[in-house]
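S.K.: Please find entry_10.txt (compact mmCIF, C-alpha atoms) on the next line:
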```txt
# COMPACT_ATOMS: atom_id res chain seq x y z
CA MET A 10 -29.74 -15.85 6.36
CA SER A 11 -29.52 -12.08 6.09
CA ALA A 12 -26.43 -10.15 5.02
CA LYS A 13 -23.53 -12.38 4.10
CA ARG A 14 -20.63 -12.59 6.52
CA ASP A 15 -17.05 -12.43 5.35
CA TYR A 16 -16.09 -15.91 4.14
CA TYR A 17 -12.82 -15.87 6.09
CA GLU A 18 -14.76 -14.90 9.22
CA VAL A 19 -17.19 -17.78 8.63
CA LEU A 20 -14.33 -20.30 8.62
CA GLY A 21 -12.39 -18.49 11.36
CA LEU A 22 -9.37 -17.90 9.13
CA SER A 23 -7.09 -15.09 8.02
CA LYS A 24 -6.71 -14.10 4.37
CA ASN A 25 -3.31 -15.79 4.14
CA ALA A 26 -4.72 -19.19 5.12
CA THR A 27 -3.41 -22.14 3.09
CA GLY A 28 -5.57 -24.55 1.13
CA ALA A 29 -5.04 -27.22 3.78
CA GLU A 30 -6.10 -24.81 6.54
CA ILE A 31 -9.23 -23.84 4.60
CA LYS A 32 -10.19 -27.48 4.12
CA LYS A 33 -9.52 -28.33 7.76
CA ALA A 34 -11.59 -25.39 9.03
CA TYR A 35 -14.51 -26.27 6.76
CA ARG A 36 -14.49 -29.94 7.77
CA LYS A 37 -14.55 -28.95 11.45
CA LEU A 38 -17.61 -26.72 10.97
CA ALA A 39 -19.32 -29.21 8.64
CA LEU A 40 -19.00 -31.96 11.22
CA LYS A 41 -20.23 -29.66 13.99
CA TYR A 42 -23.31 -28.39 12.15
CA HIS A 43 -24.10 -31.44 10.01
CA PRO A 44 -27.93 -31.72 9.62
CA ASP A 45 -27.94 -35.40 10.57
CA LYS A 46 -26.25 -34.51 13.85
CA ASN A 47 -28.56 -31.53 14.48
CA GLN A 48 -31.91 -32.77 13.21
CA GLY A 49 -34.64 -30.14 13.42
CA ASP A 50 -32.14 -27.36 14.19
CA ASP A 51 -32.63 -24.75 11.44
CA ALA A 52 -29.88 -22.52 12.81
CA ALA A 53 -27.36 -25.37 12.58
CA GLU A 54 -28.45 -26.12 9.01
CA ASP A 55 -27.96 -22.44 8.08
CA LYS A 56 -24.44 -22.51 9.53
CA PHE A 57 -23.76 -25.74 7.65
CA LYS A 58 -24.78 -24.10 4.35
CA GLU A 59 -22.88 -20.92 5.19
CA ALA A 60 -19.68 -22.88 5.81
CA ALA A 61 -20.15 -24.83 2.56
CA GLU A 62 -20.61 -21.60 0.60
CA ALA A 63 -17.48 -20.10 2.14
CA TYR A 64 -15.49 -23.25 1.39
CA GLU A 65 -16.71 -23.41 -2.22
CA ILE A 66 -15.32 -19.92 -2.87
CA LEU A 67 -12.10 -20.06 -0.86
CA SER A 68 -11.10 -23.56 -2.00
CA ASN A 69 -11.28 -22.50 -5.67
CA ALA A 70 -8.22 -20.44 -6.65
CA GLU A 71 -10.08 -18.48 -9.33
CA LYS A 72 -13.09 -17.66 -7.15
CA LYS A 73 -10.90 -16.90 -4.13
CA SER A 74 -8.86 -14.42 -6.14
CA ARG A 75 -12.02 -12.67 -7.33
CA TYR A 76 -13.43 -12.61 -3.78
CA ASP A 77 -10.20 -11.21 -2.34
CA GLN A 78 -10.31 -8.42 -4.93
CA PHE A 79 -13.99 -7.54 -5.04
CA GLY A 80 -15.61 -9.10 -1.97
CA HIS A 81 -19.23 -10.28 -2.13
CA ALA A 82 -19.99 -7.66 -4.82
CA GLY A 83 -17.88 -9.62 -7.29
CA MET A 84 -19.37 -12.98 -6.36
CA SER A 85 -23.11 -12.60 -6.44
CA GLY A 86 -26.03 -10.74 -7.92
CA ALA A 87 -29.67 -11.06 -8.85
CA SER A 88 -28.70 -13.44 -11.62
CA GLY A 89 -27.06 -15.94 -9.29
CA PHE A 90 -23.45 -14.92 -9.84
CA GLY A 91 -21.13 -16.44 -7.32
CA GLY A 92 -20.44 -20.02 -6.59
CA GLY A 93 -22.23 -20.64 -3.34
CA GLY A 94 -25.41 -18.58 -3.20
CA GLY A 95 -28.53 -20.67 -2.78
CA MET A 96 -26.74 -24.02 -2.39
CA ASP A 97 -29.02 -26.84 -1.33
CA MET A 98 -28.06 -30.04 0.45
CA ASP A 99 -27.69 -32.02 -2.77
CA ASP A 100 -25.23 -29.42 -4.07
CA ILE A 101 -23.18 -29.56 -0.88
CA PHE A 102 -23.02 -33.33 -0.53
CA SER A 103 -22.37 -33.85 -4.25
CA GLN A 104 -19.48 -31.39 -4.28
CA PHE A 105 -17.92 -31.83 -0.86
CA GLY A 106 -19.08 -35.21 0.40
CA ASP A 107 -15.59 -36.69 0.27
CA ILE A 108 -14.35 -34.11 2.78
CA PHE A 109 -16.38 -35.76 5.53
CA GLY A 110 -14.35 -38.94 5.10
CA GLY A 111 -15.74 -42.01 6.80
CA GLY A 112 -17.15 -40.11 9.78
CA PHE A 113 -20.56 -39.28 8.35
CA GLY A 114 -22.32 -37.44 5.57
CA GLY A 115 -19.97 -38.63 2.86
CA GLY A 116 -18.88 -42.04 3.98
CA GLY A 117 -22.04 -43.71 5.19
CA GLY A 118 -20.92 -43.85 8.83
CA SER A 119 -22.82 -43.35 12.06
CA PHE A 120 -24.60 -40.23 10.89
CA GLY A 121 -26.18 -39.56 7.51
CA GLY A 122 -26.89 -43.06 6.34
CA SER A 123 -29.43 -41.61 3.94
CA ARG A 124 -26.94 -39.13 2.52
CA GLY A 125 -23.83 -41.26 2.87
CA GLY A 126 -22.58 -43.33 0.01
CA ALA A 127 -24.12 -42.49 -3.35
CA ARG A 128 -23.78 -38.90 -4.44
CA ARG A 129 -24.66 -36.82 -7.46
CA VAL A 130 -21.73 -36.42 -9.82
CA ARG A 131 -20.93 -32.83 -10.81
CA GLY A 132 -20.81 -31.76 -14.45
CA THR A 133 -18.00 -29.74 -15.97
CA ASN A 134 -17.93 -25.96 -16.19
CA LEU A 135 -18.41 -24.04 -19.42
CA ARG A 136 -16.51 -20.87 -20.31
CA VAL A 137 -17.76 -18.16 -22.67
CA LYS A 138 -16.48 -14.71 -23.59
CA MET A 139 -18.86 -11.76 -23.50
CA LYS A 140 -18.02 -8.45 -25.17
CA LEU A 141 -19.42 -5.36 -23.44
CA THR A 142 -19.48 -1.71 -24.45
CA LEU A 143 -18.35 0.95 -22.00
CA GLN A 144 -21.99 1.95 -21.47
CA GLU A 145 -22.95 -1.66 -20.68
CA VAL A 146 -20.07 -1.87 -18.21
CA ALA A 147 -21.14 1.37 -16.52
CA GLU A 148 -24.86 0.66 -16.35
CA GLY A 149 -24.98 -3.14 -16.07
CA VAL A 150 -26.84 -5.18 -18.63
CA THR A 151 -28.93 -8.30 -19.09
CA LYS A 152 -27.91 -10.41 -22.08
CA LYS A 153 -29.13 -13.60 -23.64
CA ILE A 154 -26.54 -15.95 -25.10
CA LYS A 155 -26.75 -19.28 -26.89
CA VAL A 156 -24.66 -22.03 -25.30
CA ASN A 157 -24.01 -25.48 -26.74
CA LYS A 158 -23.94 -27.70 -23.65
CA LEU A 159 -24.52 -31.20 -22.33
CA VAL A 160 -28.02 -31.77 -20.91
CA ASN A 161 -29.84 -34.77 -19.48
CA ALA A 162 -31.44 -36.69 -22.33
CA ASP A 163 -35.14 -37.55 -22.19
CA GLY A 164 -36.07 -41.22 -21.79
CA VAL A 165 -32.99 -42.25 -19.83
CA THR A 166 -33.54 -44.84 -17.08
CA PHE A 167 -31.05 -45.96 -14.46
CA LYS A 168 -30.16 -49.07 -12.48
CA ASN A 169 -27.95 -49.70 -9.47
CA CYS A 170 -24.26 -49.87 -10.21
CA ASP A 171 -23.11 -53.49 -10.43
CA THR A 172 -19.83 -52.71 -8.71
CA CYS A 173 -21.06 -50.90 -5.58
CA LYS A 174 -24.64 -52.22 -5.62
CA GLY A 175 -26.03 -48.69 -5.52
CA THR A 176 -24.08 -47.45 -2.49
CA GLY A 177 -21.64 -45.31 -4.45
CA ARG A 178 -18.83 -46.49 -2.16
CA ILE A 179 -16.29 -49.26 -2.19
CA THR A 180 -15.24 -50.68 1.18
CA ARG A 181 -11.81 -52.22 1.56
CA VAL A 182 -10.52 -54.10 4.59
CA SER A 183 -6.78 -54.41 5.11
CA GLN A 184 -4.78 -56.06 7.87
CA THR A 185 -2.34 -53.87 9.75
CA PHE A 186 -0.34 -54.28 12.96
CA LEU A 187 -3.25 -52.56 14.69
CA GLY A 188 -5.70 -55.10 13.33
CA ALA A 189 -8.25 -54.94 10.53
CA MET A 190 -8.66 -51.41 9.07
CA GLN A 191 -11.71 -50.53 6.98
CA THR A 192 -11.60 -47.70 4.44
CA GLN A 193 -14.16 -46.36 2.00
CA SER A 194 -13.75 -44.57 -1.30
CA ALA A 195 -15.95 -43.50 -4.21
CA CYS A 196 -16.87 -46.30 -6.58
CA PRO A 197 -14.58 -46.06 -9.64
CA THR A 198 -17.24 -47.47 -11.96
CA CYS A 199 -20.03 -44.99 -11.29
CA ARG A 200 -17.82 -42.26 -9.77
CA GLY A 201 -19.83 -42.39 -6.56
CA ALA A 202 -23.25 -41.94 -8.17
CA GLY A 203 -24.42 -45.43 -7.21
CA LYS A 204 -26.21 -45.93 -10.51
CA MET A 205 -25.58 -46.68 -14.15
CA ILE A 206 -27.50 -46.25 -17.40
CA ASP A 207 -30.16 -48.91 -17.94
CA LYS A 208 -31.83 -47.61 -21.08
CA LYS A 209 -31.15 -44.52 -23.17
CA PRO A 210 -32.04 -43.04 -26.56
CA SER A 211 -29.49 -43.28 -29.34
CA SER A 212 -28.80 -39.57 -29.05
CA ALA A 213 -27.49 -39.92 -25.48
CA ASP A 214 -23.92 -40.78 -24.56
CA ALA A 215 -22.77 -43.33 -21.97
CA ASN A 216 -23.55 -40.87 -19.18
CA GLY A 217 -27.13 -40.24 -20.27
CA LEU A 218 -26.27 -36.82 -21.72
CA GLU A 219 -26.75 -35.21 -25.11
CA ARG A 220 -25.58 -31.92 -26.56
CA LYS A 221 -28.16 -29.19 -27.12
CA GLU A 222 -28.23 -25.45 -27.63
CA GLU A 223 -29.72 -23.48 -24.76
CA VAL A 224 -30.48 -19.76 -24.44
CA ILE A 225 -29.28 -18.43 -21.08
CA GLU A 226 -30.12 -15.02 -19.66
CA ILE A 227 -27.22 -13.41 -17.81
CA GLU A 228 -27.22 -10.27 -15.69
CA ILE A 229 -23.92 -8.40 -15.74
CA PRO A 230 -23.52 -6.08 -12.71
CA ALA A 231 -22.35 -2.52 -13.27
CA GLY A 232 -18.63 -1.86 -12.81
CA VAL A 233 -17.14 -5.11 -14.10
CA ILE A 234 -13.56 -5.05 -15.35
CA ASP A 235 -12.01 -6.36 -18.56
CA GLY A 236 -10.80 -9.92 -17.99
CA MET A 237 -13.02 -10.53 -14.96
CA ASN A 238 -14.61 -13.99 -14.63
CA LEU A 239 -18.22 -14.20 -13.46
CA SER A 240 -19.75 -17.52 -12.49
CA VAL A 241 -23.39 -18.44 -13.15
CA THR A 242 -24.19 -21.36 -10.88
CA GLY A 243 -25.71 -24.49 -12.42
CA LYS A 244 -25.64 -23.33 -16.04
CA GLY A 245 -22.71 -25.46 -17.17
CA ASN A 246 -22.75 -29.04 -18.45
CA ALA A 247 -25.17 -31.44 -16.76
CA GLY A 248 -23.64 -34.02 -14.43
CA PRO A 249 -23.34 -37.68 -15.50
CA PHE A 250 -26.09 -40.03 -14.32
CA ASP A 251 -28.53 -37.17 -13.62
CA GLY A 252 -25.93 -35.38 -11.52
CA VAL A 253 -25.37 -31.74 -10.55
CA ALA A 254 -24.74 -29.25 -13.36
CA GLY A 255 -21.46 -27.36 -13.48
CA ASP A 256 -21.17 -23.57 -13.71
CA LEU A 257 -21.08 -21.20 -16.65
CA ILE A 258 -17.99 -18.98 -16.43
CA VAL A 259 -18.46 -15.65 -18.22
CA VAL A 260 -15.21 -13.87 -19.18
CA VAL A 261 -15.72 -10.12 -19.59
CA GLU A 262 -14.19 -8.44 -22.65
CA GLU A 263 -14.56 -4.66 -22.67
CA ILE A 264 -14.86 -3.08 -26.12
CA GLU A 265 -12.61 -0.04 -26.44
CA HIS A 266 -14.60 3.20 -26.76
CA ASP A 267 -13.93 5.39 -29.81
CA GLU A 268 -13.40 8.57 -27.77
CA LEU A 269 -13.33 7.80 -24.06
CA ARG A 270 -10.50 6.10 -22.14
CA ARG A 271 -11.20 4.12 -18.99
CA ASP A 272 -8.82 4.26 -16.04
CA GLY A 273 -10.26 2.18 -13.21
CA ASP A 274 -13.55 3.81 -12.26
CA ASN A 275 -12.63 7.10 -13.97
CA VAL A 276 -13.00 8.02 -17.63
CA HIS A 277 -10.91 10.50 -19.65
CA TYR A 278 -11.63 12.52 -22.80
CA ASP A 279 -9.35 14.74 -24.90
CA ALA A 280 -11.26 17.86 -26.00
CA TYR A 281 -9.79 20.10 -28.69
CA VAL A 282 -10.73 23.80 -28.89
CA SER A 283 -9.58 26.53 -31.23
CA PHE A 284 -7.24 29.29 -30.17
CA ILE A 285 -10.11 31.77 -30.49
CA ASP A 286 -12.42 29.68 -28.29
CA ALA A 287 -9.70 29.32 -25.68
CA VAL A 288 -9.27 33.11 -25.61
CA LEU A 289 -12.94 34.14 -25.69
CA GLY A 290 -14.48 31.05 -24.04
CA ARG A 291 -17.45 29.01 -25.30
CA SER A 292 -19.60 25.96 -24.60
CA ILE A 293 -18.57 22.72 -26.28
CA GLU A 294 -20.27 19.34 -26.62
CA ILE A 295 -18.43 16.29 -25.34
CA PRO A 296 -19.24 12.56 -25.30
CA THR A 297 -20.12 10.84 -22.02
CA ILE A 298 -20.70 7.18 -21.27
CA SER A 299 -24.45 7.52 -21.75
CA GLY A 300 -24.64 10.21 -24.43
CA LYS A 301 -23.58 13.83 -24.87
CA ALA A 302 -23.07 16.74 -22.50
CA LYS A 303 -22.19 20.44 -22.80
CA ILE A 304 -19.42 22.00 -20.77
CA LYS A 305 -18.19 25.58 -20.53
CA VAL A 306 -14.65 26.51 -21.52
CA ASP A 307 -13.87 29.71 -19.63
CA PRO A 308 -12.18 32.67 -21.36
CA GLY A 309 -8.41 32.45 -21.13
CA THR A 310 -8.34 28.66 -20.71
CA GLN A 311 -4.84 27.26 -21.09
CA SER A 312 -4.00 24.12 -23.02
CA GLY A 313 -3.62 21.23 -20.60
CA LYS A 314 -6.38 22.32 -18.22
CA VAL A 315 -8.48 19.44 -16.89
CA LEU A 316 -12.19 19.76 -16.15
CA ARG A 317 -13.81 17.29 -13.79
CA LEU A 318 -17.38 16.02 -14.19
CA LYS A 319 -18.08 14.35 -10.87
CA GLY A 320 -19.99 11.04 -10.93
CA LYS A 321 -19.86 10.65 -14.72
CA GLY A 322 -17.50 7.67 -14.63
CA ILE A 323 -17.93 3.95 -13.79
CA PRO A 324 -19.73 2.67 -10.65
CA ALA A 325 -17.39 0.95 -8.20
CA LEU A 326 -18.10 -2.79 -8.18
CA GLN A 327 -16.70 -3.51 -4.73
CA SER A 328 -18.12 -0.52 -2.87
CA TYR A 329 -20.39 2.51 -3.15
CA GLY A 330 -19.59 5.49 -5.32
CA THR A 331 -18.95 6.28 -8.97
CA GLY A 332 -15.87 7.49 -10.78
CA ASP A 333 -15.53 10.82 -12.59
CA LEU A 334 -15.13 12.01 -16.17
CA PHE A 335 -11.99 14.12 -16.72
CA VAL A 336 -11.95 16.39 -19.77
CA HIS A 337 -8.45 17.34 -20.92
CA ILE A 338 -8.48 20.67 -22.81
CA ASN A 339 -6.11 20.90 -25.78
CA VAL A 340 -5.79 24.19 -27.67
CA TRP A 341 -5.62 23.45 -31.39
CA THR A 342 -2.95 25.36 -33.32
CA PRO A 343 -3.59 25.67 -37.07
CA LYS A 344 -0.69 24.57 -39.29
CA LYS A 345 -1.58 26.87 -42.20
CA VAL A 346 -3.11 30.35 -42.26
CA SER A 347 -4.06 32.69 -45.08
CA LYS A 348 -2.25 35.96 -45.81
CA SER A 349 -5.00 38.04 -44.20
CA GLU A 350 -5.13 35.73 -41.15
CA LYS A 351 -1.39 36.02 -40.79
CA GLU A 352 -1.58 39.82 -40.82
CA ILE A 353 -4.25 39.78 -38.10
CA LEU A 354 -2.23 37.38 -35.96
CA GLU A 355 0.93 39.48 -36.35
CA LYS A 356 -0.93 42.55 -35.13
CA LEU A 357 -2.32 40.58 -32.18
CA GLY A 358 1.17 39.31 -31.43
CA GLU A 359 2.28 42.87 -30.83
CA SER A 360 -0.23 43.20 -27.99
CA GLU A 361 1.01 42.67 -24.45
CA ASN A 362 -1.97 40.40 -23.76
CA PHE A 363 -0.71 37.90 -26.32
CA GLN A 364 2.82 37.70 -24.92
CA PRO A 365 3.61 34.67 -22.65
CA ASN A 366 3.88 35.76 -19.03
CA PRO A 367 4.79 33.01 -16.55
CA ASP A 368 3.81 35.29 -13.65
CA LYS A 369 0.23 35.27 -14.89
CA GLN A 370 0.02 31.50 -15.32
CA ASP A 371 -2.24 29.48 -13.05
CA LYS A 372 0.31 28.43 -10.43
CA GLY A 373 -2.28 26.41 -8.49
CA PHE A 374 -3.10 24.19 -11.47
CA PHE A 375 -0.81 21.28 -10.60
CA GLU A 376 -1.82 21.34 -6.94
CA ARG A 377 -5.49 21.03 -7.95
CA MET A 378 -4.56 18.19 -10.31
CA LYS A 379 -3.06 16.26 -7.36
CA ASP A 380 -6.35 16.58 -5.48
CA MET A 381 -8.31 15.33 -8.49
CA PHE A 382 -6.31 12.14 -8.87
```
Please, can you express the file's structure as structure tokens?
M.R.:
Amino acid sequence: MSAKRDYYEVLGLSKNATGAEIKKAYRKLALKYHPDKNQGDDAAEDKFKEAAEAYEILSNAEKKSRYDQFGHAGMSGASGFGGGGGMDMDDIFSQFGDIFGGGFGGGGGSFGGSRGGARRVRGTNLRVKMKLTLQEVAEGVTKKIKVNKLVNADGVTFKNCDTCKGTGRITRVSQTFLGAMQTQSACPTCRGAGKMIDKKPSSADANGLERKEEVIEIEIPAGVIDGMNLSVTGKGNAGPFDGVAGDLIVVVEEIEHDELRRDGDNVHYDAYVSFIDAVLGRSIEIPTISGKAKIKVDPGTQSGKVLRLKGKGIPALQSYGTGDLFVHINVWTPKKVSKSEKEILEKLGESENFQPNPDKQDKGFFERMKDMF
């Protein structure tokens, strides 16, 4: 598939759709485009995967909130961020097989006998915190982290579950006033996997898993926000009985910069200049996100003036464009002066140029400030 469609559009829903409406819409599309019902139809299979991806995001409160706020930009990237990108059939049936009920695909009914019944059990998610500098937030960064996680142990062999005989499903027949009713549910012994551990090394647990340290490379996109959760698909704990791995949730922690203050996509800096420099003007060096820069303070600059460096802020995560760097000029007033300095200042104070004159103030300053912000 090419460019991703809006997930709500995929499911034919509005943004205020309830969880039940999201599930109902997904089940309708999944039944319509199920591969077993449309064998050899690649377009139907693409729509089936597209619907599953949309459902995975919108049925998860955390991912839905992130999608509503940042769109696709907050869900995916070259590193595989986002819950649904690149899902294969095993992922879909292992995660959402129960939604199909007894019709097909998840219940072993008329369609999907090969996929019905046994399914791959999903592992749990892992959550880690990642501290990022302001420069890393602005430019994006690739980081390697060590994660202690559950992995599939070597040398594990499996056998069919004794309870469900490898089907992964338990069938129950009950008598009602309408006659005999047959229902299916996931096997409680193997959790729907259809298999159990036959042999395993001593290091493995009852699910065939062992804990190991793994180095994972993570790409952080530019423009992330403090507290944002990013999901790396398939890098969480391995699933029991050789199941599907969970996700690695990366929680962004932005390290406060020593001199710059972030405000959304914009950055602010307080620059202090001497009274002499404010009167005569000069070039000063200021910090930026990526280094240093020189700016010109014009002669006669008033304390409180704000200079704008366009495009020197943070890239917008959800859309195109970059924020700005605002430099707030503060005229520094010395607290102590020498006798000779005092005499010079007193003489200057007698000059008309050094007397406050509201009529000569920059009356358009506040109007320009409104345009900036």
S.K.: To one decimal in Å, tell me the separation between atom CA of Val19 of chain A and atom CA of Lys73 of chain A.
M.R.: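 Between these atoms lies a distance of 14.3 Å.
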S.K.: Neighbours of segment 134-149 of chain A within 7 Å (all atoms listed in the file; same-chain residues fewer than 4 positions away dropped), as a list in words?
M.R.: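 Residues near the query, excluding close chain neighbours: Ile229, Pro230, Ala231, Gly232, Val233, Gly245, Asn246, Gly255, Asp256, Leu257, Ile258, Val259, Val260, Val261, Glu262, Glu263, Ile264, His266, Ile298, Ser299, Ile323 and Pro324 of chain A.
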S.K.: For the atom pair atom CA of Glu268 of chain A and atom CA of Ile227 of chain A, what is the interatomic distance in Å to one decimal place?
M.R.: 27.8 Å
S.K.: Calculate how many Å separate atom CA of Gly320 of chain A from atom CA of Ile295 of chain A, rounding to one decimal.
M.R.: 15.4 Å
S.K.: Nearest to Pro308 of chain A: which of A:Cys173, A:Ile293, A:Leu326, A:Asp286 is it, counting all atoms listed in the file?
M.R.: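 Looking only at the distances to Pro308 of chain A, the closest residue turns out to be A:Asp286.
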S.K.: I'd like the contact shell of Asn275 of chain A - 7 Å cut-off, all atoms listed in the file, skipping same-chain residues fewer than 3 positions apart - returned as a PyMOL selection string.
M.R.: chain A and resi 271-272+322-323+332-334
S.K.: Hey, can you pull every residue with an atom no more than 8 Å from (0.9, 29.0, -24.3), using only C-alpha atoms, and send it as a PyMOL selection string?
M.R.: chain A and resi 311-312+365
S.K.: Would you list the contacts of segment 201-215 of chain A as number ranges by chain, taking every protein, DNA or RNA residue within 10 Å and counting all atoms listed in the file, but skipping same-chain residues closer than 4 positions in sequence?
M.R.: A: 103, 107, 126-131, 159-179, 194-197, 219-220, 249-252
S.K.: Which is closest to Glu222 of chain A among A:Asn339, A:Asn25, A:Asn157, A:Asn47, if we use all atoms listed in the file?
M.R.: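 Using all atoms listed in the file, Glu222 of chain A sits closest to A:Asn157.
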S.K.: Since fewer atoms than expected are present, regenerate N, CA, C and O atoms for segment 145-159 of chain A and write them as a CSV table (one decimal), in the frame of the given file.
M.R.:
```csv
chain,number,residue,atom,x,y,z
A,145,GLU,N,-22.5,-0.4,-21.3
A,145,GLU,CA,-23.0,-1.7,-20.7
A,145,GLU,C,-22.2,-1.9,-19.4
A,145,GLU,O,-22.8,-2.4,-18.4
A,146,VAL,N,-20.9,-1.7,-19.4
A,146,VAL,CA,-20.1,-1.9,-18.2
A,146,VAL,C,-20.5,-0.9,-17.1
A,146,VAL,O,-20.6,-1.3,-15.9
A,147,ALA,N,-20.8,0.3,-17.5
A,147,ALA,CA,-21.1,1.4,-16.5
A,147,ALA,C,-22.5,1.2,-16.0
A,147,ALA,O,-22.8,1.5,-14.8
A,148,GLU,N,-23.5,0.7,-16.8
A,148,GLU,CA,-24.9,0.7,-16.4
A,148,GLU,C,-25.3,-0.7,-15.9
A,148,GLU,O,-26.4,-0.9,-15.3
A,149,GLY,N,-24.5,-1.8,-16.3
A,149,GLY,CA,-25.0,-3.1,-16.1
A,149,GLY,C,-25.9,-3.5,-17.2
A,149,GLY,O,-26.6,-2.6,-17.8
A,150,VAL,N,-26.0,-4.8,-17.5
A,150,VAL,CA,-26.8,-5.2,-18.6
A,150,VAL,C,-27.3,-6.6,-18.5
A,150,VAL,O,-26.6,-7.4,-17.8
A,151,THR,N,-28.4,-6.9,-19.0
A,151,THR,CA,-28.9,-8.3,-19.1
A,151,THR,C,-28.8,-8.8,-20.5
A,151,THR,O,-29.3,-8.1,-21.4
A,152,LYS,N,-28.1,-9.9,-20.7
A,152,LYS,CA,-27.9,-10.4,-22.1
A,152,LYS,C,-28.4,-11.9,-22.2
A,152,LYS,O,-28.3,-12.6,-21.2
A,153,LYS,N,-28.8,-12.2,-23.4
A,153,LYS,CA,-29.1,-13.6,-23.6
A,153,LYS,C,-28.1,-14.2,-24.6
A,153,LYS,O,-27.8,-13.6,-25.6
A,154,ILE,N,-27.5,-15.3,-24.2
A,154,ILE,CA,-26.5,-16.0,-25.1
A,154,ILE,C,-26.9,-17.4,-25.4
A,154,ILE,O,-27.6,-18.0,-24.6
A,155,LYS,N,-26.5,-17.9,-26.5
A,155,LYS,CA,-26.8,-19.3,-26.9
A,155,LYS,C,-25.5,-20.1,-26.5
A,155,LYS,O,-24.4,-19.7,-26.9
A,156,VAL,N,-25.8,-21.2,-25.8
A,156,VAL,CA,-24.7,-22.0,-25.3
A,156,VAL,C,-24.9,-23.5,-25.7
A,156,VAL,O,-26.0,-24.0,-25.5
A,157,ASN,N,-23.9,-24.1,-26.4
A,157,ASN,CA,-24.0,-25.5,-26.7
A,157,ASN,C,-23.5,-26.3,-25.6
A,157,ASN,O,-22.3,-26.2,-25.3
A,158,LYS,N,-24.3,-27.1,-24.9
A,158,LYS,CA,-23.9,-27.7,-23.6
A,158,LYS,C,-24.5,-29.1,-23.6
A,158,LYS,O,-25.4,-29.5,-24.3
A,159,LEU,N,-24.0,-29.9,-22.6
A,159,LEU,CA,-24.5,-31.2,-22.3
A,159,LEU,C,-25.7,-31.1,-21.4
A,159,LEU,O,-25.6,-30.4,-20.3
```
